[in-house]
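Reproduced below: target-v1.txt, with compact mmCIF, C-alpha atoms.
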```txt
# COMPACT_ATOMS: atom_id res chain seq x y z
CA MET C 196 -13.62 62.59 -10.14
CA PHE C 197 -16.36 60.35 -11.59
CA ALA C 198 -14.30 57.20 -10.89
CA ALA C 199 -13.40 58.42 -7.37
CA ARG C 200 -17.08 59.06 -6.60
CA CYS C 201 -18.03 55.67 -8.02
CA ILE C 202 -15.46 53.85 -5.84
CA GLY C 203 -16.28 56.00 -2.79
CA ILE C 204 -20.03 55.39 -3.07
CA SER C 205 -19.59 51.65 -3.72
CA LEU C 206 -17.28 51.19 -0.73
CA ALA C 207 -19.53 53.33 1.47
CA LEU C 208 -22.62 51.26 0.67
CA PHE C 209 -20.58 48.07 1.07
CA VAL C 210 -19.58 49.03 4.62
CA LEU C 211 -23.11 50.29 5.40
CA LEU C 212 -24.43 46.81 4.63
CA TYR C 213 -21.48 44.74 5.84
CA VAL C 214 -21.20 46.15 9.38
CA PRO C 215 -24.90 45.85 10.44
CA ALA C 216 -25.16 42.41 8.77
CA SER C 217 -22.01 41.25 10.60
CA LEU C 218 -23.35 42.60 13.90
CA ALA C 219 -26.68 40.86 13.30
CA VAL C 220 -24.94 37.54 12.50
CA SER C 221 -22.54 37.77 15.45
CA ARG C 222 -25.51 38.32 17.80
CA GLY C 223 -28.13 36.12 16.14
CA TRP C 224 -26.37 32.98 14.85
CA GLY C 225 -27.55 30.97 17.86
CA VAL C 226 -31.17 31.88 17.10
CA MET C 227 -30.75 30.79 13.46
CA LEU C 228 -29.28 27.49 14.62
CA ARG C 229 -32.29 26.89 16.89
CA LEU C 230 -34.64 27.91 14.07
CA PHE C 231 -33.21 25.60 11.38
CA LYS C 232 -32.29 22.72 13.75
CA PRO C 233 -29.76 21.04 11.42
CA ARG C 234 -29.83 17.24 11.75
CA SER C 235 -26.14 16.42 11.33
CA ALA C 236 -22.79 17.91 12.24
CA ARG C 237 -22.08 18.47 8.53
CA SER C 238 -25.30 20.46 7.97
CA THR C 239 -24.69 22.42 11.20
CA ALA C 240 -21.17 23.28 10.03
CA THR C 241 -22.51 24.26 6.58
CA LEU C 242 -25.20 26.48 8.11
CA LEU C 243 -22.67 28.14 10.45
CA PHE C 244 -20.28 28.76 7.57
CA ALA C 245 -23.12 30.16 5.43
CA LEU C 246 -24.02 32.54 8.27
CA ARG C 247 -20.38 33.56 8.67
CA VAL C 248 -20.07 34.27 4.94
CA PHE C 249 -23.48 35.97 4.66
CA PRO C 250 -22.49 39.60 5.56
CA PHE C 251 -19.58 39.63 3.11
CA ALA C 252 -21.56 37.88 0.37
CA LEU C 253 -24.57 40.17 0.85
CA ALA C 254 -22.45 43.34 0.76
CA SER C 255 -20.45 42.14 -2.29
CA VAL C 256 -23.50 40.98 -4.28
CA PHE C 257 -25.36 44.19 -3.49
CA THR C 258 -22.37 46.31 -4.51
CA PHE C 259 -21.83 44.55 -7.84
CA MET C 260 -25.50 44.00 -8.70
CA PHE C 261 -27.01 47.28 -7.56
CA THR C 262 -24.64 50.01 -6.35
CA LEU C 263 -22.19 49.94 -9.26
CA PRO C 264 -24.81 49.62 -12.07
CA SER C 265 -26.99 52.30 -10.46
CA PHE C 266 -24.05 54.72 -10.37
CA LEU C 267 -22.66 53.85 -13.79
CA LEU C 268 -26.04 53.99 -15.56
CA LEU C 269 -27.72 56.90 -13.81
CA GLU C 270 -24.96 59.29 -12.72
CA PRO C 271 -24.15 61.93 -15.38
CA ARG C 272 -20.44 61.72 -16.17
CA SER C 273 -20.12 65.41 -16.86
CA THR C 274 -21.11 66.54 -13.35
CA ASP C 275 -18.16 67.82 -11.35
CA GLU C 276 -19.50 66.82 -7.96
CA ALA C 277 -17.27 66.17 -4.94
CA VAL C 278 -17.21 62.73 -3.24
CA GLY C 279 -18.80 64.11 -0.07
CA THR C 280 -17.62 63.73 3.52
CA ALA C 281 -19.86 60.82 4.54
CA PRO C 282 -19.05 58.57 1.53
CA LEU C 283 -15.37 59.51 1.87
CA MET C 284 -15.22 58.53 5.55
CA LEU C 285 -17.24 55.36 4.99
CA GLY C 286 -15.17 54.48 1.92
CA LEU C 287 -11.95 54.95 3.89
CA SER C 288 -13.25 52.73 6.73
CA CYS C 289 -14.19 50.08 4.17
CA THR C 290 -10.73 50.28 2.57
CA ALA C 291 -9.12 49.93 6.02
CA LEU C 292 -11.36 46.94 6.83
CA LEU C 293 -10.56 45.19 3.55
CA ALA C 294 -6.84 46.00 3.80
CA ALA C 295 -6.71 44.60 7.36
CA GLY C 296 -8.44 41.45 6.12
CA ILE C 297 -6.01 41.03 3.23
CA VAL C 298 -3.00 41.51 5.53
CA GLN C 299 -4.36 39.02 8.10
CA ALA C 300 -5.08 36.41 5.44
CA ALA C 301 -1.70 36.93 3.76
CA LEU C 302 0.13 36.63 7.12
CA ALA C 303 -1.76 33.43 7.99
CA GLN C 304 -0.96 31.98 4.55
CA MET C 305 2.71 32.96 4.85
CA ARG C 306 3.12 31.52 8.36
CA THR C 307 1.40 28.29 7.35
CA SER C 308 3.63 27.93 4.27
CA GLN C 309 6.73 28.49 6.41
CA ALA C 310 5.58 25.96 9.02
CA LEU C 311 4.66 23.46 6.29
CA MET C 312 8.10 23.80 4.67
CA LYS C 313 9.72 23.14 8.06
CA TRP C 314 7.50 20.13 8.76
CA LEU C 315 8.00 18.66 5.29
CA ASP C 316 11.77 18.94 5.53
CA GLY C 317 13.05 15.34 5.42
CA SER C 318 9.54 13.89 5.07
CA THR C 319 8.63 10.94 2.87
CA VAL C 320 5.48 10.37 0.80
CA MET C 321 3.32 7.66 2.36
CA ASP C 322 0.52 7.68 -0.18
CA SER C 323 0.31 9.83 -3.29
CA GLU C 324 -2.44 7.84 -5.03
CA VAL C 325 -5.21 9.38 -2.93
CA ALA C 326 -6.86 12.77 -3.58
CA VAL C 327 -4.83 14.43 -0.81
CA PRO C 328 -1.20 13.24 -0.54
CA VAL C 329 -0.11 11.81 2.81
CA PHE C 330 3.38 12.61 4.13
CA ARG C 331 5.33 10.97 6.94
CA THR C 332 7.07 13.67 8.96
CA GLY C 333 9.73 13.57 11.66
CA LYS C 334 10.09 15.41 14.96
CA ASN C 335 8.74 18.93 15.61
CA ALA C 336 5.73 18.34 13.37
CA PRO C 337 2.12 17.85 14.46
CA SER C 338 1.08 14.24 15.06
CA LEU C 339 -1.73 14.27 12.53
CA THR C 340 -2.87 17.28 10.58
CA VAL C 341 -4.02 18.54 7.23
CA ALA C 342 -2.13 21.66 6.19
CA GLY C 343 -2.36 24.09 3.30
CA VAL C 344 -5.14 25.71 1.32
CA ARG C 345 -4.54 25.30 -2.43
CA GLU C 346 -2.82 21.92 -2.30
CA PRO C 347 -3.60 20.48 1.12
CA LYS C 348 -1.39 17.73 2.48
CA VAL C 349 -2.01 15.27 5.29
CA LEU C 350 0.96 15.01 7.64
CA VAL C 351 1.49 12.03 9.91
CA SER C 352 4.40 12.11 12.33
CA ASP C 353 6.69 9.18 13.16
CA ALA C 354 5.39 9.35 16.73
CA ALA C 355 1.78 8.93 15.55
CA ILE C 356 2.72 6.01 13.27
CA ALA C 357 4.46 4.32 16.19
CA ALA C 358 1.57 4.91 18.60
CA LEU C 359 -1.43 4.08 16.41
CA THR C 360 -2.50 0.68 15.06
CA SER C 361 -2.95 0.49 11.29
CA ALA C 362 -6.77 0.59 11.64
CA GLU C 363 -6.58 3.64 13.95
CA LEU C 364 -4.19 5.38 11.55
CA ARG C 365 -6.47 4.63 8.58
CA THR C 366 -9.56 6.21 10.21
CA ALA C 367 -7.52 9.15 11.53
CA VAL C 368 -6.18 9.84 8.01
CA LYS C 369 -9.74 9.54 6.65
CA HIS C 370 -10.76 12.18 9.22
CA GLU C 371 -8.04 14.53 7.92
CA MET C 372 -9.04 13.77 4.30
CA ALA C 373 -12.62 14.79 5.16
CA HIS C 374 -11.29 18.17 6.37
CA ALA C 375 -9.37 18.59 3.11
CA GLN C 376 -12.38 17.59 0.98
CA SER C 377 -14.65 20.11 2.70
CA CYS C 378 -11.95 22.82 2.22
CA ASP C 379 -11.86 23.65 5.94
CA ASN C 380 -8.49 25.41 5.70
CA LEU C 381 -9.81 27.61 2.88
CA LYS C 382 -12.79 28.47 5.08
CA LYS C 383 -10.38 29.39 7.89
CA LEU C 384 -8.52 31.64 5.45
CA PHE C 385 -11.81 33.36 4.67
CA PHE C 386 -12.40 33.87 8.42
CA ARG C 387 -9.03 35.63 8.60
CA PHE C 388 -9.84 37.76 5.57
CA SER C 389 -13.25 38.82 6.87
CA ALA C 390 -12.31 39.12 10.56
CA PHE C 391 -14.97 41.01 12.49
CA PRO C 392 -15.24 41.62 16.26
CA GLY C 393 -17.70 39.28 17.96
CA MET C 394 -17.48 36.50 15.37
CA GLY C 395 -15.26 34.32 17.60
CA GLY C 396 -18.19 32.38 19.07
CA LEU C 397 -19.59 31.53 15.64
CA GLU C 398 -16.14 30.52 14.36
CA SER C 399 -15.41 28.21 17.28
CA ALA C 400 -18.88 26.65 16.95
CA TRP C 401 -18.12 26.04 13.26
CA SER C 402 -14.71 24.58 14.13
CA GLU C 403 -16.34 22.23 16.65
CA GLN C 404 -19.01 21.09 14.19
CA SER C 405 -16.50 20.63 11.34
CA GLU C 406 -14.48 18.32 13.63
CA LEU C 407 -17.60 16.27 14.37
CA ALA C 408 -18.50 16.25 10.65
CA ALA C 409 -15.01 14.96 9.78
CA ASP C 410 -15.43 12.28 12.49
CA ASP C 411 -18.74 11.26 10.85
CA ALA C 412 -17.16 11.15 7.39
CA ALA C 413 -14.31 8.94 8.60
CA VAL C 414 -16.57 6.40 10.30
CA LEU C 415 -18.60 3.78 8.43
CA CYS C 416 -19.15 1.18 11.17
CA VAL C 417 -18.84 0.72 14.94
CA LYS C 418 -15.30 -0.62 14.58
CA ASP C 419 -14.22 2.53 12.69
CA ALA C 420 -15.79 4.66 15.45
CA LEU C 421 -13.80 2.80 18.13
CA ASP C 422 -10.62 3.04 16.04
CA LEU C 423 -11.03 6.78 15.65
CA ALA C 424 -11.73 7.12 19.39
CA GLY C 425 -8.54 5.12 20.05
CA ALA C 426 -6.57 7.38 17.69
CA LEU C 427 -7.90 10.49 19.45
CA ILE C 428 -6.88 9.18 22.87
CA LYS C 429 -3.42 8.11 21.69
CA VAL C 430 -2.69 11.34 19.79
CA SER C 431 -3.72 13.43 22.81
CA ARG C 432 -1.16 11.51 24.89
CA LEU C 433 1.61 12.56 22.51
CA SER C 434 3.52 15.75 23.33
CA THR C 435 2.12 19.25 22.67
CA GLN C 436 1.32 19.73 19.01
CA PRO C 437 2.86 22.57 17.02
CA GLN C 438 0.17 24.14 14.82
CA ALA C 439 -0.20 26.89 12.23
CA ALA C 440 -3.16 29.09 11.30
CA LEU C 441 -4.36 27.19 8.24
CA THR C 442 -4.02 23.64 9.51
CA THR C 443 -6.61 21.28 10.95
CA GLY C 444 -5.21 18.64 13.26
CA LEU C 445 -6.92 15.60 14.72
CA LEU C 446 -7.23 17.45 18.04
CA HIS C 447 -7.21 20.96 16.61
CA SER C 448 -10.50 22.18 17.98
CA SER C 449 -12.21 23.57 21.01
CA THR C 450 -14.33 20.41 21.14
CA ALA C 451 -13.62 18.58 24.38
CA LEU C 452 -11.87 15.29 23.75
CA GLY C 453 -14.17 13.49 26.19
CA THR C 454 -17.28 14.64 24.33
CA ARG C 455 -15.90 13.56 20.96
CA VAL C 456 -14.82 10.14 22.25
CA GLN C 457 -18.18 9.57 23.98
CA ARG C 458 -19.95 10.53 20.74
CA LEU C 459 -17.88 7.95 18.87
CA PHE C 460 -18.67 5.31 21.52
CA SER C 461 -22.37 5.79 20.92
CA TRP C 462 -22.02 5.85 17.11
CA GLN C 463 -24.91 4.30 15.21
CA LYS C 464 -25.37 3.76 11.49
CA LYS C 465 -27.76 6.40 10.21
CA PRO C 466 -30.54 5.28 7.86
CA VAL C 467 -29.90 6.39 4.27
CA SER C 468 -32.24 9.26 3.45
CA THR C 469 -34.25 8.68 0.28
CA THR C 470 -35.95 12.06 0.28
CA GLY C 471 -32.74 14.10 -0.02
CA SER C 472 -31.96 17.29 1.82
CA THR C 473 -35.04 19.21 2.97
CA TYR C 474 -33.17 22.51 2.79
CA TRP C 475 -33.35 22.52 -1.00
CA GLN C 476 -37.11 22.12 -0.84
CA TYR C 477 -37.21 25.54 0.79
CA ALA C 478 -34.07 27.08 -0.66
CA LEU C 479 -34.84 26.54 -4.36
CA PRO C 480 -38.31 28.19 -4.36
CA SER C 481 -36.96 31.04 -2.17
CA LEU C 482 -34.03 31.53 -4.55
CA GLY C 483 -36.32 31.44 -7.58
CA GLY C 484 -38.71 33.91 -5.94
CA THR C 485 -35.87 36.27 -5.03
CA LEU C 486 -34.45 36.14 -8.56
CA PHE C 487 -37.88 36.86 -10.06
CA LEU C 488 -38.34 39.78 -7.67
CA VAL C 489 -34.89 41.17 -8.52
CA VAL C 490 -35.51 40.92 -12.28
CA ALA C 491 -39.02 42.41 -12.03
CA THR C 492 -38.00 45.38 -9.89
CA TYR C 493 -34.39 45.88 -11.04
CA GLY C 494 -34.96 49.17 -12.85
CA SER C 495 -36.91 50.83 -10.05
CA VAL C 496 -34.44 49.55 -7.42
CA LEU C 497 -31.54 51.13 -9.36
CA ILE C 498 -33.40 54.46 -9.52
CA GLY C 499 -34.25 54.32 -5.80
CA LEU C 500 -30.68 53.41 -4.91
CA HIS C 501 -29.33 56.25 -7.01
CA GLN C 502 -31.51 58.67 -5.08
CA VAL C 503 -30.14 57.26 -1.82
CA THR C 504 -26.55 57.71 -3.03
CA GLU C 505 -27.36 61.28 -4.12
CA TRP C 506 -28.63 61.96 -0.60
CA LEU C 507 -25.49 60.38 0.85
CA VAL C 508 -23.20 62.60 -1.24
CA ARG C 509 -25.00 65.80 -0.19
CA MET L 243 -14.15 45.42 37.04
CA GLN L 244 -11.09 47.28 38.31
CA SER L 245 -12.77 47.70 41.71
CA ILE L 246 -13.08 43.93 42.11
CA TYR L 247 -9.35 43.57 41.64
CA ARG L 248 -8.70 46.42 44.06
CA PHE L 249 -10.96 44.69 46.57
CA LEU L 250 -9.48 41.24 45.98
CA GLY L 251 -5.96 42.62 46.13
CA ARG L 252 -6.54 43.85 49.71
CA SER L 253 -5.38 40.68 51.35
CA PRO L 254 -6.43 39.18 53.80
CA LYS L 255 -9.95 40.55 53.17
CA THR L 256 -10.28 38.71 49.88
CA THR L 257 -13.04 36.59 51.36
CA LEU L 258 -16.40 37.97 52.36
CA GLY L 259 -17.98 37.30 55.73
CA PRO L 260 -21.03 34.99 55.79
CA LEU L 261 -23.47 37.89 56.30
CA GLU L 262 -21.85 39.93 53.54
CA GLN L 263 -22.10 36.94 51.20
CA GLN L 264 -25.74 36.38 52.14
CA LEU L 265 -26.69 40.01 51.46
CA LEU L 266 -24.75 40.08 48.21
CA GLU L 267 -26.57 36.94 47.05
CA GLU L 268 -29.93 38.50 47.99
CA LEU L 269 -29.04 41.55 45.90
CA TRP L 270 -27.94 39.41 42.94
CA THR L 271 -31.37 37.79 43.07
CA CYS L 272 -33.47 40.95 43.38
CA LYS L 273 -31.09 43.23 41.36
CA SER L 274 -31.57 46.21 43.74
CA ALA L 275 -33.19 46.84 47.12
CA THR L 276 -33.33 49.13 50.13
CA VAL L 277 -32.67 47.77 53.66
CA ARG L 278 -36.42 47.75 54.33
CA GLU L 279 -37.18 45.81 51.13
CA LEU L 280 -34.56 43.18 51.99
CA LEU L 281 -36.05 42.74 55.46
CA ASP L 282 -39.62 42.64 54.11
CA GLN L 283 -38.73 39.63 51.93
CA GLY L 284 -38.68 37.66 55.18
CA THR L 285 -35.59 35.57 54.42
CA LEU L 286 -33.32 37.65 56.68
CA LYS L 287 -33.86 37.42 60.43
CA LEU L 288 -31.64 40.38 61.27
CA ALA L 289 -31.92 43.79 62.82
CA TYR L 290 -32.38 46.80 60.52
CA THR L 291 -29.11 48.38 61.69
CA THR L 292 -27.13 45.13 61.12
CA VAL L 293 -28.28 44.96 57.49
CA MET L 294 -27.67 48.69 57.04
CA THR L 295 -24.10 48.45 58.42
CA THR L 296 -23.27 45.36 56.36
CA LEU L 297 -24.55 46.94 53.14
CA ASP L 298 -22.54 50.07 53.93
CA ARG L 299 -19.44 47.90 54.41
CA LEU L 300 -20.04 46.21 51.03
CA TYR L 301 -20.49 49.64 49.44
CA LYS L 302 -17.17 50.80 50.93
CA LYS L 303 -15.54 47.65 49.56
CA GLN L 304 -16.82 48.86 46.15
CA LEU L 305 -18.94 45.75 45.65
CA LEU L 306 -22.24 47.66 45.72
CA ASP L 307 -23.57 50.82 44.13
CA ARG L 308 -26.11 52.96 45.93
CA VAL L 309 -28.45 55.82 45.15
CA ALA L 310 -30.36 57.92 47.65
CA GLU L 311 -34.07 57.14 47.77
CA GLY L 312 -35.90 59.36 50.25
CA ARG L 313 -34.08 59.03 53.57
CA ALA L 314 -32.65 55.60 52.70
CA PHE L 315 -30.29 54.18 50.09
CA ARG L 316 -31.12 51.76 47.25
CA TYR L 317 -28.28 49.26 46.86
CA SER L 318 -27.41 47.25 43.74
CA PRO L 319 -24.48 44.88 43.02
CA ARG L 320 -21.69 46.53 41.05
CA HIS L 321 -20.59 43.22 39.50
CA THR L 322 -22.33 40.03 38.47
CA GLN L 323 -21.80 36.83 40.43
CA GLU L 324 -19.82 35.41 37.50
CA GLU L 325 -17.50 38.43 37.33
CA LEU L 326 -16.75 38.20 41.03
CA LYS L 327 -16.06 34.46 40.87
CA LYS L 328 -13.79 34.94 37.86
CA ALA L 329 -11.87 37.70 39.62
CA ALA L 330 -11.59 35.63 42.81
CA ALA L 331 -10.22 32.64 40.87
CA GLY L 332 -7.76 34.94 39.06
CA GLU L 333 -6.59 36.45 42.34
CA THR L 334 -6.14 33.01 43.90
CA ILE L 335 -4.00 31.90 40.96
CA ARG L 336 -2.01 35.16 41.10
CA GLN L 337 -1.33 34.68 44.83
CA PHE L 338 -0.47 31.03 44.21
CA LEU L 339 1.99 31.94 41.47
CA SER L 340 3.71 34.57 43.61
CA SER L 341 3.87 32.32 46.66
CA SER L 342 7.33 30.96 45.88
CA PRO L 343 10.65 32.79 45.40
CA ALA L 344 11.29 30.51 42.41
CA ALA L 345 8.71 31.84 39.96
CA SER L 346 8.53 28.69 37.86
CA LEU L 347 7.92 26.35 40.81
CA PRO L 348 4.20 27.02 41.48
CA LEU L 349 3.55 27.05 37.74
CA SER L 350 5.09 23.61 37.42
CA TYR L 351 2.78 22.35 40.24
CA LEU L 352 -0.18 23.78 38.33
CA VAL L 353 0.90 22.16 35.04
CA GLU L 354 1.45 18.90 36.90
CA ALA L 355 -2.03 19.07 38.47
CA VAL L 356 -3.68 19.83 35.12
CA SER L 357 -1.63 17.11 33.40
CA ASP L 358 -2.56 14.62 36.11
CA HIS L 359 -6.22 15.52 35.59
CA ASP L 360 -5.84 15.11 31.80
CA ALA L 361 -3.97 11.83 32.19
CA GLY L 362 -6.73 10.58 34.50
CA LEU L 363 -9.37 11.48 31.92
CA LEU L 364 -7.41 9.75 29.14
CA ASP L 365 -6.98 6.62 31.28
CA GLU L 366 -10.72 6.59 31.94
CA LEU L 367 -11.51 6.99 28.23
CA GLN L 368 -9.00 4.24 27.36
CA ARG L 369 -10.67 1.86 29.86
CA LEU L 370 -14.07 2.63 28.29
CA LEU L 371 -12.64 2.05 24.81
CA ASP L 372 -11.15 -1.31 25.81
CA ARG L 373 -14.52 -2.34 27.28
CA LYS L 374 -16.36 -1.32 24.10
CA ARG L 375 -13.86 -3.22 21.95
CA ARG L 376 -14.31 -6.35 24.07
CA GLN L 377 -18.11 -6.00 23.75
CA LEU L 378 -17.83 -5.66 19.98
CA ALA L 379 -15.57 -8.72 19.76
CA LYS L 380 -18.08 -10.75 21.85
CA GLU L 381 -20.99 -9.69 19.62
CA LYS L 382 -19.07 -10.82 16.53
CA HIS L 383 -18.41 -14.32 17.94
```

As structure tokens, how would this structure be written, given the file I've shared?
Amino acid sequence: MFAARCIGISLALFVLLYVPASLAVSRGWGVMLRLFKPRSARSTATLLFALRVFPFALASVFTFMFTLPSFLLLEPRSTDEAVGTAPLMLGLSCTALLAAGIVQAALAQMRTSQALMKWLDGSTVMDSEVAVPVFRTGKNAPSLTVAGVREPKVLVSDAAIAALTSAELRTAVKHEMAHAQSCDNLKKLFFRFSAFPGMGGLESAWSEQSELAADDAAVLCVKDALDLAGALIKVSRLSTQPQAALTTGLLHSSTALGTRVQRLFSWQKKPVSTTGSTYWQYALPSLGGTLFLVVATYGSVLIGLHQVTEWLVR
Amino acid sequence: MQSIYRFLGRSPKTTLGPLEQQLLEELWTCKSATVRELLDQGTLKLAYTTVMTTLDRLYKKQLLDRVAEGRAFRYSPRHTQEELKKAAAGETIRQFLSSSPAASLPLSYLVEAVSDHDAGLLDELQRLLDRKRRQLAKEKH
């Protein structure tokens, strides 16, 4: 009964934090974006991902740092107390939420693996020396995409190789490599796992910004920018692209092609920043302050939280 | 929302008359009004009874809500302008798709039109790209 109460209370408090935090993020991410005004597509994508992860991270950290220790340290093991209706209902909703997330993520992973196996059938390795291996695929495969989570692979179809010049192909592959290096497919898997109604807008904004960030990473000079623009135009002329959940293709985004191409046309070399990221100037002191506060008040917070859980059980 | 579809489905009255449109737009701007308030704004040069009858017609078409206020009614739009436009576009596409005995035929026209539009955009972007490449080559020489 002690273990059941411990799990019930932990899950109940997890859902009590997770749902309001998710609602707040799904409504307020635009405000946060206007408040922080990130300077580049990469920092915008990072901020959006951090916001998307925030409710789950907050609820998990709180559960493991406060709820569980408070219960384990302060709840007498001998008491034969029932779980209580409210924690039971909340705990069950949390279990359902987590189970749905696990199923969604597992299905996405399974479908992607199946699609990848089909696409790789009869493929040849183009370049295995680079961090992410590049495969040449045949028909019925996407023109240019990075697929997979644990061991991502860049796939380039015969049609894309025939249509693109070598310079265009090089920048397009660099674009896909940038997606792999920033673990975009893993982030998509997390979106599936922590699916929450109303997060679609935030996720598509992240997807858009991660495309632009990968464009930025692939381009080092004006010629690269024009080559990538050329690759985008040529790939979009190829037939409809088959895709899977955990893949990121050259055109796999809600970002309008015209906007992306125009952005590449007006590409300019950015001055190298010597001051470093300004976020850390704020983030490090805030993090240090929060840690100090947690350590200084840990005992009293655990006692207070235990009283709250007692009230919840009654 | 269902009422919009019911209204739009009543062909051929899927389009509003000019006076109905004008009054609906006035109500979208001021959110809600009585006949007297609409006339007092000064933008409508119409008789009281004309406005009253037109608003009543819009109410019967389920495009307006009304509540009694003294001896008159206060009217407010049941749907936003965006909702009505979306529903109208949907209805147009539905009618377009059911306009031919061969179900796939209108859809193929639509795909063709969208593809033509896309192809036009790609051609335009390709022309811009070629121009930029020529510019870059000139700058290098």

Discussion item. I'd like to know which of C:Ser431, C:Thr239, C:Gln376, C:Gln463 is closest to L:Gln368, using all atoms listed in the file.
Written reply: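 Nearest candidate to L:Gln368 out of C:Ser431, C:Thr239, C:Gln376, C:Gln463: C:Ser431.
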
Distance cut-off 12 Å, counting all atoms listed in the file - which residues of chain C neighbour chain L? Return them as a PDB file with C-alpha atoms, keeping the file's coordinate frame.
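Full text of out21.pdb as output:
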```pdb
ATOM      1  CA  CYS C 416     -19.150   1.180  11.170  1.00  0.00           C
ATOM      2  CA  VAL C 417     -18.840   0.720  14.940  1.00  0.00           C
ATOM      3  CA  LYS C 418     -15.300  -0.620  14.580  1.00  0.00           C
ATOM      4  CA  ASP C 419     -14.220   2.530  12.690  1.00  0.00           C
ATOM      5  CA  ALA C 420     -15.790   4.660  15.450  1.00  0.00           C
ATOM      6  CA  LEU C 421     -13.800   2.800  18.130  1.00  0.00           C
ATOM      7  CA  ASP C 422     -10.620   3.040  16.040  1.00  0.00           C
ATOM      8  CA  LEU C 423     -11.030   6.780  15.650  1.00  0.00           C
ATOM      9  CA  ALA C 424     -11.730   7.120  19.390  1.00  0.00           C
ATOM     10  CA  GLY C 425      -8.540   5.120  20.050  1.00  0.00           C
ATOM     11  CA  ALA C 426      -6.570   7.380  17.690  1.00  0.00           C
ATOM     12  CA  LEU C 427      -7.900  10.490  19.450  1.00  0.00           C
ATOM     13  CA  ILE C 428      -6.880   9.180  22.870  1.00  0.00           C
ATOM     14  CA  LYS C 429      -3.420   8.110  21.690  1.00  0.00           C
ATOM     15  CA  VAL C 430      -2.690  11.340  19.790  1.00  0.00           C
ATOM     16  CA  SER C 431      -3.720  13.430  22.810  1.00  0.00           C
ATOM     17  CA  ARG C 432      -1.160  11.510  24.890  1.00  0.00           C
ATOM     18  CA  LEU C 433       1.610  12.560  22.510  1.00  0.00           C
ATOM     19  CA  SER C 434       3.520  15.750  23.330  1.00  0.00           C
ATOM     20  CA  THR C 435       2.120  19.250  22.670  1.00  0.00           C
ATOM     21  CA  ALA C 451     -13.620  18.580  24.380  1.00  0.00           C
ATOM     22  CA  LEU C 452     -11.870  15.290  23.750  1.00  0.00           C
ATOM     23  CA  GLY C 453     -14.170  13.490  26.190  1.00  0.00           C
ATOM     24  CA  THR C 454     -17.280  14.640  24.330  1.00  0.00           C
ATOM     25  CA  ARG C 455     -15.900  13.560  20.960  1.00  0.00           C
ATOM     26  CA  VAL C 456     -14.820  10.140  22.250  1.00  0.00           C
ATOM     27  CA  GLN C 457     -18.180   9.570  23.980  1.00  0.00           C
ATOM     28  CA  ARG C 458     -19.950  10.530  20.740  1.00  0.00           C
ATOM     29  CA  LEU C 459     -17.880   7.950  18.870  1.00  0.00           C
ATOM     30  CA  PHE C 460     -18.670   5.310  21.520  1.00  0.00           C
ATOM     31  CA  SER C 461     -22.370   5.790  20.920  1.00  0.00           C
ATOM     32  CA  TRP C 462     -22.020   5.850  17.110  1.00  0.00           C
TER      33      TRP C 462
END
```

Worksheet item: In terms of the shortest atom-to-atom distance over only C-alpha atoms, which of C:Gly444, C:Pro215, C:Gly343, C:Gly499 is closest to C:Thr307?
Response: C:Gly343

Item to complete: Quote the spacing between atom CA of L:Leu297 and atom CA of L:Arg336 in Å to one decimal place.
Response: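 A separation of 28.1 Å between them.
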
Worksheet item: Any idea what the distance is between atom CA of C:Trp314 and atom CA of C:Asp353?
Response: 11.8 Å

Discussion item. Using Å and a single decimal, report how far atom CA of C:Gly203 sits from atom CA of C:Ser495.
Written reply: 22.5 Å

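Nearest to C:Val298 of all the residues C:Met394, C:Ile356, C:Thr319, C:Arg387 is C:Arg387, based on only C-alpha atoms.
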
Practice prompt. Could you tell me which of C:Met305, C:Thr241, C:Arg247, C:Trp506 comes closest to C:Phe385 if we count all atoms listed in the file?
Written response: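 That would be C:Arg247, the residue with the smallest distance to C:Phe385.
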